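Undergrad: Structure file entry-v7.txt (compact mmCIF, N, CA and C atoms) right here:
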# COMPACT_ATOMS: atom_id res chain seq x y z
N MET A 12 88.01 130.16 124.04
CA MET A 12 88.38 131.54 124.25
C MET A 12 89.85 131.62 124.66
N SER A 13 90.62 132.45 124.00
CA SER A 13 92.03 132.58 124.34
C SER A 13 92.21 133.57 125.49
N PHE A 14 93.32 133.44 126.17
CA PHE A 14 93.60 134.31 127.31
C PHE A 14 93.94 135.70 126.80
N PRO A 15 93.44 136.77 127.45
CA PRO A 15 93.73 138.13 126.98
C PRO A 15 95.22 138.47 127.12
N LYS A 16 95.72 139.30 126.22
CA LYS A 16 97.11 139.74 126.27
C LYS A 16 97.31 140.89 127.26
N LEU A 17 96.23 141.57 127.61
CA LEU A 17 96.27 142.66 128.60
C LEU A 17 95.24 142.40 129.68
N LEU A 18 95.64 142.65 130.93
CA LEU A 18 94.72 142.62 132.06
C LEU A 18 94.94 143.91 132.83
N ASP A 19 93.89 144.66 133.04
CA ASP A 19 94.00 145.91 133.79
C ASP A 19 95.09 146.82 133.20
N ASN A 20 95.22 146.80 131.88
CA ASN A 20 96.22 147.57 131.12
C ASN A 20 97.66 147.12 131.37
N ALA A 21 97.85 145.93 131.92
CA ALA A 21 99.18 145.37 132.11
C ALA A 21 99.37 144.22 131.11
N SER A 22 100.57 144.08 130.58
CA SER A 22 100.87 143.00 129.63
C SER A 22 100.98 141.67 130.37
N VAL A 23 100.30 140.67 129.85
CA VAL A 23 100.35 139.33 130.43
C VAL A 23 101.63 138.64 129.94
N LEU A 24 102.43 138.15 130.90
CA LEU A 24 103.65 137.42 130.56
C LEU A 24 103.43 135.92 130.67
N TYR A 25 102.73 135.50 131.73
CA TYR A 25 102.41 134.09 131.97
C TYR A 25 101.00 134.01 132.52
N TYR A 26 100.34 132.90 132.26
CA TYR A 26 99.01 132.66 132.83
C TYR A 26 98.86 131.17 133.08
N THR A 27 97.80 130.81 133.78
CA THR A 27 97.55 129.41 134.10
C THR A 27 96.32 128.90 133.37
N PRO A 28 96.21 127.59 133.23
CA PRO A 28 94.95 127.03 132.76
C PRO A 28 93.88 127.29 133.83
N GLU A 29 92.63 127.21 133.43
CA GLU A 29 91.55 127.41 134.40
C GLU A 29 91.57 126.31 135.45
N ASN A 30 91.40 126.73 136.70
CA ASN A 30 91.39 125.83 137.83
C ASN A 30 90.75 126.59 138.98
N CYS A 31 90.60 125.98 140.12
CA CYS A 31 90.12 126.70 141.30
C CYS A 31 91.33 127.04 142.16
N TYR A 32 91.73 128.30 142.16
CA TYR A 32 92.90 128.75 142.90
C TYR A 32 92.54 129.42 144.22
N GLY A 33 91.29 129.40 144.58
CA GLY A 33 90.89 129.98 145.85
C GLY A 33 89.66 130.84 145.70
N GLU A 34 89.29 131.44 146.80
CA GLU A 34 88.08 132.24 146.85
C GLU A 34 88.34 133.53 147.61
N ILE A 35 87.57 134.54 147.30
CA ILE A 35 87.62 135.82 148.00
C ILE A 35 86.25 136.03 148.63
N TYR A 36 86.25 136.42 149.89
CA TYR A 36 85.00 136.58 150.62
C TYR A 36 84.80 138.03 151.07
N TYR A 37 83.56 138.43 151.13
CA TYR A 37 83.20 139.70 151.74
C TYR A 37 83.41 139.58 153.25
N THR A 38 83.45 140.70 153.95
CA THR A 38 83.60 140.68 155.41
C THR A 38 82.42 140.00 156.09
N THR A 39 81.31 139.89 155.40
CA THR A 39 80.13 139.20 155.94
C THR A 39 80.28 137.69 155.87
N GLY A 40 81.31 137.21 155.17
CA GLY A 40 81.51 135.78 154.99
C GLY A 40 80.93 135.24 153.70
N GLU A 41 80.21 136.07 152.98
CA GLU A 41 79.61 135.67 151.71
C GLU A 41 80.69 135.62 150.62
N LEU A 42 80.59 134.62 149.75
CA LEU A 42 81.54 134.47 148.65
C LEU A 42 81.45 135.66 147.69
N ALA A 43 82.59 136.31 147.44
CA ALA A 43 82.63 137.45 146.52
C ALA A 43 83.08 136.99 145.13
N GLU A 44 84.14 136.23 145.06
CA GLU A 44 84.71 135.79 143.77
C GLU A 44 85.44 134.47 143.94
N GLU A 45 85.47 133.69 142.88
CA GLU A 45 86.35 132.53 142.79
C GLU A 45 87.52 132.90 141.90
N ILE A 46 88.71 132.58 142.34
CA ILE A 46 89.90 132.81 141.50
C ILE A 46 90.04 131.59 140.59
N ARG A 47 89.84 131.80 139.29
CA ARG A 47 89.86 130.71 138.31
C ARG A 47 91.14 130.68 137.48
N TYR A 48 91.85 131.81 137.41
CA TYR A 48 93.11 131.90 136.66
C TYR A 48 94.10 132.72 137.48
N LEU A 49 95.39 132.46 137.28
CA LEU A 49 96.46 133.32 137.79
C LEU A 49 97.20 133.86 136.58
N ALA A 50 97.73 135.06 136.72
CA ALA A 50 98.52 135.65 135.64
C ALA A 50 99.64 136.48 136.23
N ILE A 51 100.77 136.47 135.55
CA ILE A 51 101.90 137.33 135.91
C ILE A 51 101.96 138.40 134.84
N CYS A 52 101.90 139.66 135.29
CA CYS A 52 101.77 140.78 134.36
C CYS A 52 102.76 141.87 134.68
N LYS A 53 102.95 142.76 133.71
CA LYS A 53 103.87 143.89 133.88
C LYS A 53 103.25 145.12 133.25
N TYR A 54 103.23 146.20 134.05
CA TYR A 54 102.80 147.49 133.53
C TYR A 54 103.99 148.20 132.89
N GLU A 55 103.73 148.92 131.82
CA GLU A 55 104.77 149.73 131.19
C GLU A 55 105.23 150.78 132.20
N ASN A 56 106.52 151.06 132.25
CA ASN A 56 107.11 152.06 133.15
C ASN A 56 106.95 151.72 134.63
N ASP A 57 106.87 150.44 134.97
CA ASP A 57 106.79 149.99 136.36
C ASP A 57 107.81 148.87 136.52
N THR A 58 108.61 148.92 137.56
CA THR A 58 109.65 147.90 137.74
C THR A 58 109.12 146.62 138.36
N SER A 59 107.93 146.66 138.96
CA SER A 59 107.37 145.48 139.62
C SER A 59 106.68 144.56 138.61
N TYR A 60 106.58 143.32 139.01
CA TYR A 60 105.77 142.32 138.31
C TYR A 60 104.57 142.04 139.20
N TYR A 61 103.43 141.77 138.60
CA TYR A 61 102.20 141.61 139.36
C TYR A 61 101.63 140.21 139.20
N LEU A 62 101.28 139.62 140.32
CA LEU A 62 100.57 138.35 140.32
C LEU A 62 99.09 138.68 140.46
N PHE A 63 98.34 138.40 139.42
CA PHE A 63 96.91 138.67 139.39
C PHE A 63 96.14 137.37 139.61
N GLY A 64 95.06 137.49 140.36
CA GLY A 64 94.06 136.44 140.44
C GLY A 64 92.86 136.91 139.63
N CYS A 65 92.35 136.06 138.76
CA CYS A 65 91.26 136.46 137.87
C CYS A 65 90.07 135.53 138.03
N ASN A 66 88.89 136.08 137.78
CA ASN A 66 87.68 135.25 137.80
C ASN A 66 87.51 134.53 136.46
N ALA A 67 86.41 133.85 136.30
CA ALA A 67 86.18 133.06 135.08
C ALA A 67 86.07 133.93 133.82
N ASP A 68 85.77 135.21 133.99
CA ASP A 68 85.67 136.15 132.87
C ASP A 68 86.97 136.91 132.61
N HIS A 69 88.06 136.46 133.22
CA HIS A 69 89.38 137.09 133.09
C HIS A 69 89.43 138.49 133.69
N GLU A 70 88.57 138.78 134.64
CA GLU A 70 88.61 140.07 135.33
C GLU A 70 89.51 139.93 136.55
N VAL A 71 90.37 140.92 136.77
CA VAL A 71 91.30 140.90 137.90
C VAL A 71 90.51 141.11 139.20
N VAL A 72 90.66 140.15 140.13
CA VAL A 72 89.97 140.26 141.42
C VAL A 72 90.96 140.33 142.58
N SER A 73 92.24 140.10 142.31
CA SER A 73 93.28 140.27 143.32
C SER A 73 94.60 140.56 142.61
N ASP A 74 95.47 141.28 143.29
CA ASP A 74 96.79 141.54 142.72
C ASP A 74 97.80 141.79 143.83
N SER A 75 99.05 141.48 143.53
CA SER A 75 100.14 141.77 144.45
C SER A 75 101.41 142.00 143.64
N PRO A 76 102.18 143.04 144.01
CA PRO A 76 103.41 143.34 143.28
C PRO A 76 104.61 142.57 143.85
N TRP A 77 105.51 142.16 142.96
CA TRP A 77 106.72 141.43 143.35
C TRP A 77 107.87 141.93 142.50
N GLU A 78 109.08 141.54 142.88
CA GLU A 78 110.28 142.06 142.21
C GLU A 78 110.65 141.33 140.93
N SER A 79 110.14 140.11 140.75
CA SER A 79 110.54 139.34 139.56
C SER A 79 109.44 138.34 139.19
N VAL A 80 109.54 137.82 137.99
CA VAL A 80 108.63 136.76 137.53
C VAL A 80 108.80 135.54 138.44
N GLU A 81 110.05 135.20 138.75
CA GLU A 81 110.33 134.03 139.58
C GLU A 81 109.70 134.17 140.97
N GLU A 82 109.76 135.39 141.51
CA GLU A 82 109.15 135.61 142.82
C GLU A 82 107.63 135.45 142.74
N CYS A 83 107.01 135.96 141.69
CA CYS A 83 105.58 135.76 141.49
C CYS A 83 105.24 134.27 141.46
N MET A 84 106.03 133.50 140.74
CA MET A 84 105.79 132.06 140.64
C MET A 84 105.95 131.38 141.99
N ARG A 85 106.99 131.76 142.74
CA ARG A 85 107.20 131.16 144.07
C ARG A 85 106.05 131.48 145.01
N VAL A 86 105.61 132.73 145.00
CA VAL A 86 104.50 133.15 145.86
C VAL A 86 103.23 132.38 145.49
N ALA A 87 102.95 132.27 144.20
CA ALA A 87 101.76 131.54 143.76
C ALA A 87 101.82 130.08 144.22
N GLU A 88 102.97 129.45 144.05
CA GLU A 88 103.10 128.05 144.43
C GLU A 88 102.96 127.84 145.92
N SER A 89 103.40 128.80 146.72
CA SER A 89 103.27 128.64 148.18
C SER A 89 101.91 129.11 148.70
N SER A 90 101.19 129.89 147.93
CA SER A 90 99.92 130.45 148.39
C SER A 90 98.68 129.66 147.98
N TYR A 91 98.76 128.94 146.87
CA TYR A 91 97.59 128.24 146.36
C TYR A 91 97.77 126.75 146.53
N ASN A 92 96.69 126.09 146.83
CA ASN A 92 96.73 124.70 147.24
C ASN A 92 96.59 123.73 146.07
N CYS A 93 97.35 123.94 145.00
CA CYS A 93 97.29 123.02 143.86
C CYS A 93 98.56 123.19 143.04
N ALA A 94 98.81 122.22 142.18
CA ALA A 94 99.96 122.32 141.27
C ALA A 94 99.68 123.42 140.25
N ILE A 95 100.68 124.24 139.99
CA ILE A 95 100.50 125.36 139.07
C ILE A 95 101.34 125.13 137.82
N SER A 96 100.69 125.18 136.67
CA SER A 96 101.36 125.11 135.38
C SER A 96 101.27 126.48 134.74
N TRP A 97 102.41 127.04 134.37
CA TRP A 97 102.45 128.37 133.74
C TRP A 97 102.55 128.25 132.24
N ILE A 98 101.81 129.07 131.54
CA ILE A 98 101.84 129.13 130.08
C ILE A 98 102.39 130.50 129.70
N ALA A 99 103.45 130.51 128.90
CA ALA A 99 104.03 131.78 128.46
C ALA A 99 103.13 132.41 127.38
N MET A 100 102.88 133.69 127.53
CA MET A 100 102.09 134.41 126.52
C MET A 100 102.94 134.54 125.27
N THR A 101 102.35 134.24 124.13
CA THR A 101 103.09 134.33 122.87
C THR A 101 102.66 135.54 122.09
Using structure tokens, write down the structure that the file contains.
TA:
Amino acid sequence: MSFPKLLDNASVLYYTPENCYGEIYYTTGELAEEIRYLAICKYENDTSYYLFGCNADHEVVSDSPWESVEECMRVAESSYNCAISWIAMT
């Protein structure tokens, strides 16, 4: 399965191979989602770039806006406990 070109109506610029990039928990402590992919995306008519965390089905489960692609990459590398390889969307 190829990576989608759009996530949450934002264009995908970069994405990662599948890996375990972390988990999201409910306030009860129960596991809500596993982050299996990261993606850097851009909405039309928005100056921010977005770092998305996606589940195994490529559904966005977390997002944060940043000023540049490079900043998204730096944040991802400092926030997730593994080596990150970025793949440019073609």
Undergrad: Write out as CSV a residue-level contact list of range 31-92 of chain A versus range 12-20 of chain A with cut-off 7 Å: for each qualifying residue the closest pair of atoms and the distance in Å to one decimal, counting all atoms listed in the file, rows sorted by chain and residue number upward.
TA:
residue,atom,partner,partner_atom,distance
A:Lys53,C,A:Asn20,C,6.2
A:Tyr54,CA,A:Asn20,C,5.6
A:Glu55,N,A:Asn20,C,6.3
A:His69,C,A:Leu18,CA,6.9
A:Val71,N,A:Asp19,N,6.3
Undergrad: List the spatial neighbours of range 26-38 of chain A as a ChimeraX atom specification - criterion: any atom at most 6.5 Å away, all atoms listed in the file, same-chain residues fewer than 5 positions off excluded.
TA: /A:43-51,91-92,96-100
Undergrad: Would you compute the distance between atom C of Ser22 in chain A and CA of Glu88 in chain A? Give it in Å to one decimal.
TA: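 Spanning atom C of Ser22 in chain A to CA of Glu88 in chain A is a straight-line distance of 19.7 Å.
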Undergrad: What does the structure give for the distance between atom N of Phe63 in chain A and CA of Ala21 in chain A, in Å to one decimal?
TA: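 Going from atom N of Phe63 in chain A over to CA of Ala21 in chain A, I get 10.1 Å.
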Undergrad: Given only C-alpha atoms as the basis, pick out the residue of A:Leu62, A:Ser73, A:Leu42, A:Asp57 nearest to Val23 in chain A.
TA: A:Leu62
Undergrad: Against range 75-84 of chain A, which residues of range 18-59 of chain A fall within 9 Å? For each one I want the closest pair of atoms and the distance in Å (one decimal), counting only C-alpha atoms, rows by chain and increasing residue number, as JSON lines.
TA:
{"residue": "A:Leu24", "atom": "CA", "partner": "A:Val80", "partner_atom": "CA", "distance": 8.6}
{"residue": "A:Tyr25", "atom": "CA", "partner": "A:Val80", "partner_atom": "CA", "distance": 8.8}
{"residue": "A:Ile51", "atom": "CA", "partner": "A:Cys83", "partner_atom": "CA", "distance": 6.9}
{"residue": "A:Cys52", "atom": "CA", "partner": "A:Val80", "partner_atom": "CA", "distance": 8.6}
{"residue": "A:Thr58", "atom": "CA", "partner": "A:Glu78", "partner_atom": "CA", "distance": 7.4}
{"residue": "A:Ser59", "atom": "CA", "partner": "A:Glu78", "partner_atom": "CA", "distance": 5.2}
Undergrad: Determine which residues of chain A receive a DSSP assignment of alpha helix (DSSP H), computed from the backbone, and state them as a ChimeraX atom specification.
TA: /A:80-90
Undergrad: Between atom C of Ser90 in chain A and atom C of Glu70 in chain A, what is the distance in Å, rounded to a tenth?
TA: 17.9 Å
Undergrad: Going by DSSP on the backbone, which residues of chain A come out as strand (DSSP E)? List them as a PyMOL selection string.
TA: chain A and resi 17-18+21-26+33-36+42-46+48-53+60-65+71-77+98-99
